[in-house]
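Down below is the structure, laid out as structure tokens.
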Amino acid sequence: MPVPDTSFFQSHYIPNTPSQQQEMLDAIGVNSIDDLFSDIPAKHRHPTLDIPHPMSEIDLKFQLMALGLKNSNLEQNACFLGAGAYNHFSPSIVKPILTRGEFLTSYTPYQAEASQGTLQVAYEFQSLISNLMDMDVANDGMYDGATSFAEAALMACRVTKRDEIYVLDTINPVYREVIETYALPQKLKIYTLPAKNPILPATAACLLVQYPNFHGNIEDLALYKRQTEDAGALLVVSADPIAMGMLKPPGEFGADIVTGEGQGLGVPISYGGPYVGLFCTRKKFVRQMPGRIVGRTNDSEGKTGYVLTLQTREQHIRRERATSNICTSQALLALAATITMAAVGKTGFRQLSELNYHKAHYAASLIEKLPGFSLPLEGEFFNEFVVKCPTNPSTINKRLLANEIIGGLDISSSMPDCMLIAVTEMNTEPQITALVTTLAEFGS
Amino acid sequence: MNPSDRRYSKDHEWAQIVGEEVIIGITNFAQEQLGDIVYVDLPEVGSNLDQSSKLGEIESVKAVSDIFSPIGGAVIEVNQAVLDSPELVNQDPSGSGWLVKLAPSDASSDFSSLLTSDEYDELIENEAH
Amino acid sequence: MNNIHAFQRKLLMERSVPGRIGSILPDLDVPKQNLPRPELLRDNLDFPELSEPEIVRYFTNLSRLNFSIDTNFYPLGSCTMKYNPKINDEIAFSPGYAGLHPNQPIDEVQGALTILYRLQGYLREITGMSGVSLAPLAGAQGELAGVLMMRRYLMDNGQEQRLKMLIPDSAHGTNPASAKMAGFNVVSVPTDDSGNTNLEALRAEATNDLAGIMITLPSTLGLFDKNIVEICNIIHQAGGLVYADGANMNALLGQVKIGDLGFDVMHLNLHKTFSTPHGGGGPGAGPVAVKSILEPYLPAPIIGLNQEPNEKHYYLESPNKSIGKLAAFHGNFGVLVRAYVYIRSLGDYGLKQISENAVLNANYIKEKLKGYYNLPFDRNCMHEVVFSATKHKDKGVNGLSISKRLLDYGFHAPTMYFPLTVDEALLIEPTETESKETLDLFIETMKSIDQEAQSQPDLVHDAPHNTPIRRLDEAKAAREPDLRWSRPEEP
């Protein structure tokens, strides 16, 4: 590649020309830009910087688009992979609205008068997520589903003033790891309980349940509510928002804190992030809730407007005594979710949810009949299920990919020869048939 | 001028003996410094407080302040009206904006360590400058 | 008179009309299956019913109520509101990157891992550190990762009694909150009159329970602490570790490497220094960089590279003493891609020009306004400058009113009331992507506001006047929290 001449290089992101820079230096009364850095110890100034030279937009785009093609993406392949991130519908209107500079390039709405757009969207998001989960209040979003779940456990300990976190053995094992990262340094204890017949001691701060669980099964929230109530503990549920189109929401079972991964609500799957964590609770616990919250109020002329509120919970005011160190709300992804919920709408959301359900159950019914394959788990499921395969899932996945199918998650380390398959509204009947046909090749 | 029928702490709380009980609140100076009070967190009835231990928290829109108990004792009543309408503390800090009533453990000794209204007036005169 | 503004701000649920739909979903193309037991099914979902055009117009009109970098000068101190290049978004949104499932086997995502691997390397080079993890999802999570690593390192070396974390009084609130989450006790260290860390106070705290110090460099006062190397030495001699909050790295890109100064661990805010869009409060990304002693503790995953005979092969790994997972997946990939594109666009020369121009622009504002606003630290600033808006307090004009008045003139406000150590602080960060013409207009505007504060204080005091909404009743919002739309009670 030709090497640009540094003496003439000017970044296209920097408007001031050398002559303007000189005018400014004259105004400041220094000879060179270097003089402005005189507080830095001379010995450490001007380090070598081994970074490639600048690239033109044409070269860069050419190179990166080519590199992108090395990846097998979900536009070219049918996807039956889930386990925390799903290939769901994102309406075409999401991206044009998301990339409007007024949403994309604004900061956290500390100046309410200059941020009513962002603030009103946040209020909409809180309203729709509260409705979806049937909870009193939601915040404006957390980093992702896993950190939401972890922060919920910490919050439950604050509310109950207890230090024992109980976790069902059916939650996503990675979520479990994140909970450990967050809770153990604070000297909180984490215990695992079997989902089948958990016995919750009276010292528990909370019980953490995933709904549907990691294996796709619909957990018995009514049972867990009775148990937490008896123990004086909080019921914390991580719920899949898409499933809430048809399943009874955790709020109806009396959950105290409900979290979730908001990616399914029209957020690009983007190799794991950025996503938005959902977080809801009951009104009486709102002051223990982490994250950003927007409230409705009025201005000095009586006009309705929106502001960040209950900020005394947050780190910029309460510092080390804050409910969390978080100061991000993933506002842009909350916007994507809000647009998606609005566009799919009341009747559409039920339909969306049922599409997942019927397609997944249809696929499961076909796979179950294949020689050598079985569904090892009992119980009702939503759009994800475990399949026991006649051979190693990774071998099967290689064959599937050759047929432009991204197979399910290989969970053979916890369940031998098992694969976790997700089916969504994006999977067509021919895709399901292709999946089943390829799997059948492994039947003995 | 702060009422002379009670004693004051350097942290801007007041304590007033009424019969067997002691009523506790924050001073007018404190509420002025805090601005619009939006939330008050008070202990549960029955909790025991040492003198100068944390009694609760008081929040304005953008600040949180601890309230310390000017005397020791057991909480026998919390002001529900203040919990419901925290602005009462702004409106009437020395009266209906009181916070808790205590059954004092050692009122006379605790009170002797507090400031009289004159001493407190002087203290805030100095703090204001 | 119509009230188009009120109409534009009606909420989704208030606009809802039964029977409208905003998108058409496909018909079920497989046989219908048995539904679950009825007691598992929900009765009703209170969601809006709207058509696509009204949804688009609603959100588009809402967007126009925002100030943003694309529309306004946004000199928000310590937030680095620089231009966010569009090519970064274009590549991050392309199917080769946005269409990848995080659980795909690594063989299928080698292109994605290539970018992450290279980005790790660039950030190592820029910071002068030996290891980088891209996992943290935000600056505050990067901080948490950093202090968790410090804690684990101290424990592994039999130093679990070291629980005291020093934090300068000018620090951002996340520093103490993160330190607390990692189990440390926070002790504040004062700043001296020239804006450097008070070394005497620091030495007094350098005891055998010292875990370390968290320093923002340059500080939130916009100053480069002249004693920084000595501070690192004092802490190291006392057995502690030194953390750098890299929120203000825009001042230092290519000028100095944080690792060379003696720091052990730091985080970067890609949404600040590396131009990824803030999106109204997220997403961000907060990679952590460490010296070799802390490398085994980095949060998972790290991207590794096997040099195979025919082809390079990238993989994900967890360091052997990792503090663990911070999120469900591998970091905010979409943000990381944008930062990668940015670094490649600017390259070595461009990165240095960022810091040069960021610092030049801030000093220009400082020089031009110092006769008009009180300047608490009259020395070369770095990428931002702090003024103290105390001059017109007697007329009822404070930092808040000046900030709000700026909105009337079409400029976003500076960061106000932060750092907490400066009375009526106005922290101004122009960034390198603003032209001299914009800076001059801003300077003239600040001068006019100073004039107005003298001649028409009420005009400033009651600002803003031209924004879509006037000052909001924040006390009401906090006293009677209205946090969601509720269906009005049926009469």
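Residues in the structure tokens are numbered from 1 in each chain, the chains being A, B, ... in the order shown, and ligands are numbered from 1 in the order shown.
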
Within 12 Å of chain B, which residues of chain A come that close, and what is the closest atom pair and distance in Å for each? Count only C-alpha atoms and give it as CSV.
```
residue,atom,partner,partner_atom,distance
A:Tyr110,CA,B:Lys62,CA,11.8
A:Arg287,CA,B:Tyr39,CA,9.9
A:Val307,CA,B:Val61,CA,11.3
A:Leu308,CA,B:Val61,CA,10.2
A:Thr309,CA,B:Val61,CA,7.9
A:Leu310,CA,B:Val61,CA,7.4
A:Gln311,CA,B:Lys62,CA,6.7
A:Thr312,CA,B:Lys62,CA,6.0
A:Arg313,CA,B:Val64,CA,8.9
A:Glu314,CA,B:Lys62,CA,9.9
A:Gln315,CA,B:Ala63,CA,11.3
A:His316,CA,B:Lys62,CA,9.2
A:Ile317,CA,B:Ala63,CA,6.2
A:Arg318,CA,B:Val64,CA,6.8
A:Arg319,CA,B:Val64,CA,10.3
A:Arg321,CA,B:Val64,CA,10.2
A:Ala322,CA,B:Val64,CA,10.5
```

So that I have them on file, write out the residues from the current selection with all heavy atoms, as a compact mmCIF listing (two decimals), in the first residue's frame.
```
# COMPACT_ATOMS: atom_id res chain seq x y z
N TYR A 110 -29.11 14.32 30.27
CA TYR A 110 -29.01 15.12 31.50
C TYR A 110 -29.66 16.48 31.33
O TYR A 110 -30.22 17.03 32.27
CB TYR A 110 -27.54 15.30 31.90
CG TYR A 110 -26.88 14.05 32.42
CD1 TYR A 110 -25.72 13.54 31.84
CD2 TYR A 110 -27.41 13.37 33.51
CE1 TYR A 110 -25.12 12.40 32.32
CE2 TYR A 110 -26.81 12.21 34.00
CZ TYR A 110 -25.66 11.73 33.40
OH TYR A 110 -25.06 10.60 33.88
N ARG A 287 -36.93 2.35 44.61
CA ARG A 287 -35.74 3.08 45.04
C ARG A 287 -34.52 2.18 45.21
O ARG A 287 -33.42 2.65 45.44
CB ARG A 287 -36.02 3.85 46.32
CG ARG A 287 -36.82 5.08 46.03
CD ARG A 287 -37.27 5.84 47.24
NE ARG A 287 -38.21 6.85 46.83
CZ ARG A 287 -37.85 8.04 46.36
NH1 ARG A 287 -36.59 8.39 46.28
NH2 ARG A 287 -38.77 8.90 45.96
N VAL A 307 -38.15 13.71 32.36
CA VAL A 307 -36.83 13.95 32.97
C VAL A 307 -36.27 12.64 33.53
O VAL A 307 -37.03 11.73 33.87
CB VAL A 307 -36.88 14.94 34.16
CG1 VAL A 307 -37.09 16.36 33.68
CG2 VAL A 307 -37.94 14.54 35.17
N LEU A 308 -34.95 12.61 33.67
CA LEU A 308 -34.34 11.54 34.46
C LEU A 308 -34.79 11.76 35.89
O LEU A 308 -34.76 12.89 36.38
CB LEU A 308 -32.82 11.63 34.39
CG LEU A 308 -32.19 11.34 33.05
CD1 LEU A 308 -30.68 11.60 33.12
CD2 LEU A 308 -32.43 9.89 32.64
N THR A 309 -35.18 10.71 36.56
CA THR A 309 -35.66 10.92 37.93
C THR A 309 -35.15 9.83 38.87
O THR A 309 -34.50 8.88 38.42
CB THR A 309 -37.21 11.01 37.95
OG1 THR A 309 -37.61 11.52 39.23
CG2 THR A 309 -37.86 9.66 37.71
N LEU A 310 -35.42 10.03 40.15
CA LEU A 310 -34.91 9.14 41.20
C LEU A 310 -33.40 8.97 41.04
O LEU A 310 -32.85 7.89 41.24
CB LEU A 310 -35.63 7.78 41.16
CG LEU A 310 -37.16 7.85 41.25
CD1 LEU A 310 -37.76 6.45 41.15
CD2 LEU A 310 -37.60 8.51 42.54
N GLN A 311 -32.73 10.06 40.68
CA GLN A 311 -31.29 9.99 40.38
C GLN A 311 -30.44 9.79 41.62
O GLN A 311 -29.27 9.46 41.50
CB GLN A 311 -30.83 11.26 39.67
CG GLN A 311 -31.38 11.39 38.28
CD GLN A 311 -30.78 12.60 37.57
OE1 GLN A 311 -29.65 12.58 37.16
NE2 GLN A 311 -31.55 13.66 37.47
N THR A 312 -31.02 10.03 42.79
CA THR A 312 -30.21 9.87 44.00
C THR A 312 -29.82 8.42 44.23
O THR A 312 -28.96 8.14 45.04
CB THR A 312 -30.99 10.37 45.23
OG1 THR A 312 -32.31 9.83 45.16
CG2 THR A 312 -31.08 11.87 45.23
N ARG A 313 -30.43 7.47 43.47
CA ARG A 313 -30.00 6.08 43.57
C ARG A 313 -28.65 5.87 42.89
O ARG A 313 -27.97 4.90 43.12
CB ARG A 313 -30.98 5.14 42.85
CG ARG A 313 -32.40 5.14 43.34
CD ARG A 313 -33.32 4.48 42.32
NE ARG A 313 -33.28 5.22 41.06
CZ ARG A 313 -32.75 4.79 39.94
NH1 ARG A 313 -32.27 3.58 39.86
NH2 ARG A 313 -32.71 5.55 38.86
N GLU A 314 -28.30 6.81 41.99
CA GLU A 314 -27.26 6.51 41.02
C GLU A 314 -25.88 6.97 41.48
O GLU A 314 -25.74 7.80 42.37
CB GLU A 314 -27.61 7.14 39.67
CG GLU A 314 -28.84 6.53 39.04
CD GLU A 314 -29.08 7.05 37.63
OE1 GLU A 314 -28.24 6.79 36.76
OE2 GLU A 314 -30.09 7.73 37.42
N GLN A 315 -24.87 6.44 40.77
CA GLN A 315 -23.48 6.64 41.17
C GLN A 315 -23.05 8.10 41.15
O GLN A 315 -22.24 8.52 41.95
CB GLN A 315 -22.55 5.79 40.31
CG GLN A 315 -22.79 5.85 38.80
CD GLN A 315 -22.36 7.13 38.16
OE1 GLN A 315 -21.43 7.76 38.61
NE2 GLN A 315 -23.05 7.50 37.10
N HIS A 316 -23.60 8.91 40.22
CA HIS A 316 -23.09 10.28 40.13
C HIS A 316 -23.51 11.12 41.33
O HIS A 316 -22.97 12.18 41.56
CB HIS A 316 -23.44 10.95 38.80
CG HIS A 316 -24.90 11.13 38.55
ND1 HIS A 316 -25.71 10.11 38.11
CD2 HIS A 316 -25.71 12.21 38.68
CE1 HIS A 316 -26.95 10.57 37.97
NE2 HIS A 316 -26.98 11.83 38.30
N ILE A 317 -24.48 10.62 42.10
CA ILE A 317 -24.88 11.33 43.31
C ILE A 317 -24.48 10.56 44.55
O ILE A 317 -23.81 11.06 45.44
CB ILE A 317 -26.40 11.61 43.31
CG1 ILE A 317 -26.69 12.62 42.20
CG2 ILE A 317 -26.85 12.13 44.67
CD1 ILE A 317 -28.13 12.94 42.01
N ARG A 318 -24.83 9.29 44.59
CA ARG A 318 -24.60 8.53 45.82
C ARG A 318 -23.21 7.90 45.87
O ARG A 318 -22.83 7.30 46.85
CB ARG A 318 -25.69 7.47 45.99
CG ARG A 318 -25.95 7.09 47.44
CD ARG A 318 -27.06 6.06 47.56
NE ARG A 318 -28.37 6.65 47.46
CZ ARG A 318 -29.18 6.85 48.50
NH1 ARG A 318 -28.79 6.52 49.69
NH2 ARG A 318 -30.36 7.38 48.32
N ARG A 319 -22.47 8.01 44.79
CA ARG A 319 -21.09 7.51 44.71
C ARG A 319 -21.01 6.08 45.24
O ARG A 319 -21.73 5.22 44.75
CB ARG A 319 -20.13 8.50 45.35
CG ARG A 319 -20.22 9.87 44.62
CD ARG A 319 -19.33 10.92 45.20
NE ARG A 319 -17.94 10.82 44.80
CZ ARG A 319 -17.42 11.31 43.70
NH1 ARG A 319 -18.19 11.94 42.82
NH2 ARG A 319 -16.14 11.20 43.44
N ARG A 321 -22.20 4.56 47.57
CA ARG A 321 -23.40 3.95 48.14
C ARG A 321 -24.52 3.81 47.11
O ARG A 321 -25.67 3.56 47.45
CB ARG A 321 -23.86 4.76 49.34
CG ARG A 321 -22.85 4.70 50.50
CD ARG A 321 -23.42 5.26 51.76
NE ARG A 321 -23.78 6.67 51.58
CZ ARG A 321 -24.61 7.32 52.37
NH1 ARG A 321 -25.17 6.70 53.39
NH2 ARG A 321 -24.88 8.59 52.16
N ALA A 322 -24.18 3.96 45.85
CA ALA A 322 -25.19 3.86 44.79
C ALA A 322 -25.73 2.44 44.69
O ALA A 322 -25.10 1.49 45.16
CB ALA A 322 -24.57 4.27 43.46
```

| Residues of chain C within 6 Å of chain B, only C-alpha atoms counted, as a PyMOL selection string | chain C and resi 475+478-479

Residues just named, written with N, CA and C atoms as a PDB file, in the first residue's frame:
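Output file selection.pdb is given in full below:
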```pdb
ATOM      1  N   ALA C 475     -38.601  18.204  41.047  1.00  0.00           N
ATOM      2  CA  ALA C 475     -39.036  17.813  42.393  1.00  0.00           C
ATOM      3  C   ALA C 475     -40.334  17.019  42.306  1.00  0.00           C
ATOM      4  N   ALA C 478     -39.728  13.489  41.147  1.00  0.00           N
ATOM      5  CA  ALA C 478     -39.150  12.588  42.147  1.00  0.00           C
ATOM      6  C   ALA C 478     -40.114  12.302  43.295  1.00  0.00           C
ATOM      7  N   ARG C 479     -40.973  13.295  43.617  1.00  0.00           N
ATOM      8  CA  ARG C 479     -41.902  13.076  44.738  1.00  0.00           C
ATOM      9  C   ARG C 479     -43.044  12.157  44.360  1.00  0.00           C
TER      10      ARG C 479
END
```

| task | Fewer than 4 positions away in the same chain doesn't count, so skip those; otherwise give me all residues within 8 Å of Asn217 in chain A, counting only C-alpha atoms, as JSON, numbers by chain. | result | {"A": [211, 212, 213, 379, 380, 381, 382, 384, 385]}

Keeping only N, CA and C atoms, write those residues as a PDB file, in the first residue's frame.
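Ended up saving to selection-v2.pdb:
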```pdb
ATOM      1  N   TYR A 211     -37.320 -18.074  32.505  1.00  0.00           N
ATOM      2  CA  TYR A 211     -38.679 -18.392  32.046  1.00  0.00           C
ATOM      3  C   TYR A 211     -38.851 -17.967  30.608  1.00  0.00           C
ATOM      4  N   PRO A 212     -38.924 -18.902  29.638  1.00  0.00           N
ATOM      5  CA  PRO A 212     -38.598 -20.317  29.744  1.00  0.00           C
ATOM      6  C   PRO A 212     -37.135 -20.501  30.138  1.00  0.00           C
ATOM      7  N   ASN A 213     -36.813 -21.705  30.629  1.00  0.00           N
ATOM      8  CA  ASN A 213     -35.473 -21.905  31.151  1.00  0.00           C
ATOM      9  C   ASN A 213     -34.467 -22.139  30.025  1.00  0.00           C
ATOM     10  N   GLY A 379     -41.978 -31.967  29.711  1.00  0.00           N
ATOM     11  CA  GLY A 379     -42.518 -30.657  30.068  1.00  0.00           C
ATOM     12  C   GLY A 379     -42.753 -29.788  28.861  1.00  0.00           C
ATOM     13  N   GLU A 380     -43.539 -28.745  29.077  1.00  0.00           N
ATOM     14  CA  GLU A 380     -43.903 -27.839  27.997  1.00  0.00           C
ATOM     15  C   GLU A 380     -42.724 -26.924  27.663  1.00  0.00           C
ATOM     16  N   PHE A 381     -42.608 -26.597  26.386  1.00  0.00           N
ATOM     17  CA  PHE A 381     -41.553 -25.654  26.014  1.00  0.00           C
ATOM     18  C   PHE A 381     -42.117 -24.584  25.100  1.00  0.00           C
ATOM     19  N   PHE A 382     -41.330 -23.550  24.848  1.00  0.00           N
ATOM     20  CA  PHE A 382     -41.792 -22.441  24.013  1.00  0.00           C
ATOM     21  C   PHE A 382     -41.202 -22.567  22.601  1.00  0.00           C
ATOM     22  N   GLU A 384     -37.719 -23.422  22.049  1.00  0.00           N
ATOM     23  CA  GLU A 384     -36.384 -23.993  22.128  1.00  0.00           C
ATOM     24  C   GLU A 384     -36.491 -25.334  22.840  1.00  0.00           C
ATOM     25  N   PHE A 385     -35.714 -26.324  22.402  1.00  0.00           N
ATOM     26  CA  PHE A 385     -35.832 -27.647  22.999  1.00  0.00           C
ATOM     27  C   PHE A 385     -34.528 -28.416  22.820  1.00  0.00           C
TER      28      PHE A 385
END
```

| request: Determine, counting only C-alpha atoms, which protein, DNA and RNA residues have an atom within 12 Å of an atom of Cys232 in chain C; residues of the same chain fewer than 6 positions away are not included. Present the result as a VMD selection string. | output: chain C and resid 197 199 202 to 203 206 212 to 215 225 to 226 238 to 244 258 to 265

I need the residues from that last selection saved to file as a PDB file, in the first residue's frame (with N, CA and C atoms), if you can.
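part-v3.pdb, written as the output of this step:
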```pdb
ATOM      1  N   THR C 197      -2.889  16.171  42.344  1.00  0.00           N
ATOM      2  CA  THR C 197      -3.203  15.401  43.544  1.00  0.00           C
ATOM      3  C   THR C 197      -2.327  15.888  44.696  1.00  0.00           C
ATOM      4  N   LEU C 199       0.045  15.508  47.276  1.00  0.00           N
ATOM      5  CA  LEU C 199       0.983  14.408  47.528  1.00  0.00           C
ATOM      6  C   LEU C 199       1.130  14.089  49.012  1.00  0.00           C
ATOM      7  N   LEU C 202      -1.663  12.041  49.983  1.00  0.00           N
ATOM      8  CA  LEU C 202      -1.491  10.725  49.369  1.00  0.00           C
ATOM      9  C   LEU C 202      -0.509   9.879  50.182  1.00  0.00           C
ATOM     10  N   ARG C 203       0.615  10.477  50.564  1.00  0.00           N
ATOM     11  CA  ARG C 203       1.624   9.729  51.338  1.00  0.00           C
ATOM     12  C   ARG C 203       1.051   9.266  52.665  1.00  0.00           C
ATOM     13  N   ALA C 206      -0.708   6.064  52.307  1.00  0.00           N
ATOM     14  CA  ALA C 206       0.042   4.940  51.732  1.00  0.00           C
ATOM     15  C   ALA C 206       0.465   3.957  52.820  1.00  0.00           C
ATOM     16  N   GLY C 212      -4.804   0.410  46.411  1.00  0.00           N
ATOM     17  CA  GLY C 212      -4.359   1.146  45.246  1.00  0.00           C
ATOM     18  C   GLY C 212      -5.075   2.459  45.103  1.00  0.00           C
ATOM     19  N   ILE C 213      -4.943   3.015  43.913  1.00  0.00           N
ATOM     20  CA  ILE C 213      -5.558   4.311  43.632  1.00  0.00           C
ATOM     21  C   ILE C 213      -6.202   4.247  42.252  1.00  0.00           C
ATOM     22  N   MET C 214      -7.300   4.956  42.113  1.00  0.00           N
ATOM     23  CA  MET C 214      -7.939   5.100  40.795  1.00  0.00           C
ATOM     24  C   MET C 214      -7.794   6.557  40.384  1.00  0.00           C
ATOM     25  N   ILE C 215      -7.096   6.776  39.278  1.00  0.00           N
ATOM     26  CA  ILE C 215      -6.837   8.149  38.841  1.00  0.00           C
ATOM     27  C   ILE C 215      -7.378   8.349  37.431  1.00  0.00           C
ATOM     28  N   ASP C 225      -1.843  15.689  35.618  1.00  0.00           N
ATOM     29  CA  ASP C 225      -1.184  15.779  36.917  1.00  0.00           C
ATOM     30  C   ASP C 225       0.331  15.703  36.724  1.00  0.00           C
ATOM     31  N   LYS C 226       1.007  16.802  37.093  1.00  0.00           N
ATOM     32  CA  LYS C 226       2.457  16.869  36.842  1.00  0.00           C
ATOM     33  C   LYS C 226       3.239  15.830  37.639  1.00  0.00           C
ATOM     34  N   ALA C 238       4.213   1.473  48.412  1.00  0.00           N
ATOM     35  CA  ALA C 238       3.363   1.080  49.543  1.00  0.00           C
ATOM     36  C   ALA C 238       2.678  -0.258  49.289  1.00  0.00           C
ATOM     37  N   GLY C 239       2.951  -0.879  48.144  1.00  0.00           N
ATOM     38  CA  GLY C 239       2.388  -2.199  47.877  1.00  0.00           C
ATOM     39  C   GLY C 239       1.047  -2.174  47.166  1.00  0.00           C
ATOM     40  N   GLY C 240       0.655  -1.015  46.663  1.00  0.00           N
ATOM     41  CA  GLY C 240      -0.637  -0.910  45.982  1.00  0.00           C
ATOM     42  C   GLY C 240      -0.494  -0.926  44.474  1.00  0.00           C
ATOM     43  N   LEU C 241      -1.633  -0.919  43.804  1.00  0.00           N
ATOM     44  CA  LEU C 241      -1.673  -0.918  42.345  1.00  0.00           C
ATOM     45  C   LEU C 241      -2.311   0.397  41.866  1.00  0.00           C
ATOM     46  N   VAL C 242      -1.986   0.760  40.636  1.00  0.00           N
ATOM     47  CA  VAL C 242      -2.473   2.045  40.125  1.00  0.00           C
ATOM     48  C   VAL C 242      -3.394   1.833  38.932  1.00  0.00           C
ATOM     49  N   TYR C 243      -4.609   2.372  39.081  1.00  0.00           N
ATOM     50  CA  TYR C 243      -5.646   2.232  38.056  1.00  0.00           C
ATOM     51  C   TYR C 243      -5.817   3.563  37.326  1.00  0.00           C
ATOM     52  N   ALA C 244      -5.879   3.516  36.020  1.00  0.00           N
ATOM     53  CA  ALA C 244      -6.170   4.730  35.246  1.00  0.00           C
ATOM     54  C   ALA C 244      -7.564   4.646  34.652  1.00  0.00           C
ATOM     55  N   ILE C 258      -0.082   5.381  28.661  1.00  0.00           N
ATOM     56  CA  ILE C 258      -0.411   5.306  30.085  1.00  0.00           C
ATOM     57  C   ILE C 258       0.476   4.273  30.790  1.00  0.00           C
ATOM     58  N   GLY C 259       0.733   3.173  30.115  1.00  0.00           N
ATOM     59  CA  GLY C 259       1.563   2.125  30.711  1.00  0.00           C
ATOM     60  C   GLY C 259       2.968   2.620  31.021  1.00  0.00           C
ATOM     61  N   ASP C 260       3.515   3.498  30.175  1.00  0.00           N
ATOM     62  CA  ASP C 260       4.870   4.016  30.396  1.00  0.00           C
ATOM     63  C   ASP C 260       4.973   4.838  31.670  1.00  0.00           C
ATOM     64  N   LEU C 261       3.858   5.424  32.087  1.00  0.00           N
ATOM     65  CA  LEU C 261       3.873   6.309  33.256  1.00  0.00           C
ATOM     66  C   LEU C 261       3.893   5.528  34.563  1.00  0.00           C
ATOM     67  N   GLY C 262       3.570   4.238  34.509  1.00  0.00           N
ATOM     68  CA  GLY C 262       3.608   3.411  35.711  1.00  0.00           C
ATOM     69  C   GLY C 262       2.265   2.795  36.093  1.00  0.00           C
ATOM     70  N   PHE C 263       1.244   3.063  35.314  1.00  0.00           N
ATOM     71  CA  PHE C 263      -0.068   2.485  35.649  1.00  0.00           C
ATOM     72  C   PHE C 263      -0.072   0.976  35.398  1.00  0.00           C
ATOM     73  N   ASP C 264      -0.882   0.275  36.195  1.00  0.00           N
ATOM     74  CA  ASP C 264      -0.954  -1.186  36.092  1.00  0.00           C
ATOM     75  C   ASP C 264      -2.167  -1.644  35.311  1.00  0.00           C
ATOM     76  N   VAL C 265      -3.231  -0.851  35.344  1.00  0.00           N
ATOM     77  CA  VAL C 265      -4.494  -1.286  34.749  1.00  0.00           C
ATOM     78  C   VAL C 265      -5.292  -0.046  34.393  1.00  0.00           C
TER      79      VAL C 265
END
```

| request: Enumerate as a ChimeraX atom specification all residues of range 251-361 of chain A assigned to strand (DSSP E) by DSSP on the backbone, naming them with the chain letters and numbers the document uses. | output: /A:257-261,277-281,294-298,304-308

| remark: Using only C-alpha atoms, the residue out of A:Lys388, A:His88, A:His358, A:His12 with shortest distance to chain C is A:His358

| field | Exercise: Ile71 in chain B partners within 9 Å, only C-alpha atoms, chain neighbours under 2 positions left out, as a ChimeraX atom specification | value | /B:15,22,24,49-53,68-69,73,102,104-107,110-111,114

Convert the current residue selection to file output with C-alpha atoms, as a CSV table (one decimal), in the first residue's frame.
```csv
chain,number,residue,atom,x,y,z
B,15,ALA,CA,-34.6,17.3,69.5
B,22,VAL,CA,-38.4,13.2,72.3
B,24,ILE,CA,-36.6,14.8,66.3
B,49,LEU,CA,-30.6,4.3,67.9
B,50,ASP,CA,-27.4,5.4,69.6
B,51,GLN,CA,-26.8,9.1,69.9
B,52,SER,CA,-25.2,10.3,66.6
B,53,SER,CA,-25.9,7.1,64.8
B,68,PHE,CA,-28.1,11.4,62.5
B,69,SER,CA,-30.0,10.9,65.7
B,73,GLY,CA,-33.4,5.8,72.2
B,102,LEU,CA,-38.1,8.4,70.4
B,104,PRO,CA,-34.9,8.3,75.1
B,105,SER,CA,-32.4,6.0,76.7
B,106,ASP,CA,-30.6,8.8,78.6
B,107,ALA,CA,-32.1,12.1,77.6
B,110,ASP,CA,-27.5,13.3,75.6
B,111,PHE,CA,-29.1,16.7,75.8
B,114,LEU,CA,-26.3,19.4,72.2
```

| request: Fewer than 3 positions away in the same chain doesn't count, so skip those; otherwise give me all residues within 12 Å of Ser63 in chain C, counting only C-alpha atoms, as a ChimeraX atom specification. | output: /A:96-106,114-121,332,335 /C:8-9,56-60,66-68,70-71,279-280,468

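The residue set within 9 Å of Trp14 in chain B, counting only C-alpha atoms and dropping same-chain residues fewer than 6 places from it, reads Arg6, Arg7, Tyr8, Ile23, Ile24, Gly25, Ile26, Thr27, Ser69, Pro70, Ser94 and Leu114 of chain B.
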
| Which residue out of A:Ala152, A:Met289, A:Leu188, A:Leu352 has the minimum interatomic distance to chain C when only C-alpha atoms are used? | A:Leu352

Using 7 Å as the limit and counting only C-alpha atoms, can you tabulate each residue of range 3-74 of chain A that touches range 84-101 of chain C, with its shortest atom-to-atom distance in Å and the two atoms involved, as a Markdown table?
```
| residue | atom | partner | partner_atom | distance |
| --- | --- | --- | --- | --- |
| A:Gly68 | CA | C:Gly96 | CA | 4.2 |
| A:Leu69 | CA | C:Gly96 | CA | 5.6 |
| A:Asn71 | CA | C:Gly96 | CA | 6.1 |
| A:Asn73 | CA | C:Gly99 | CA | 5.1 |
| A:Leu74 | CA | C:Gly99 | CA | 5.2 |
```
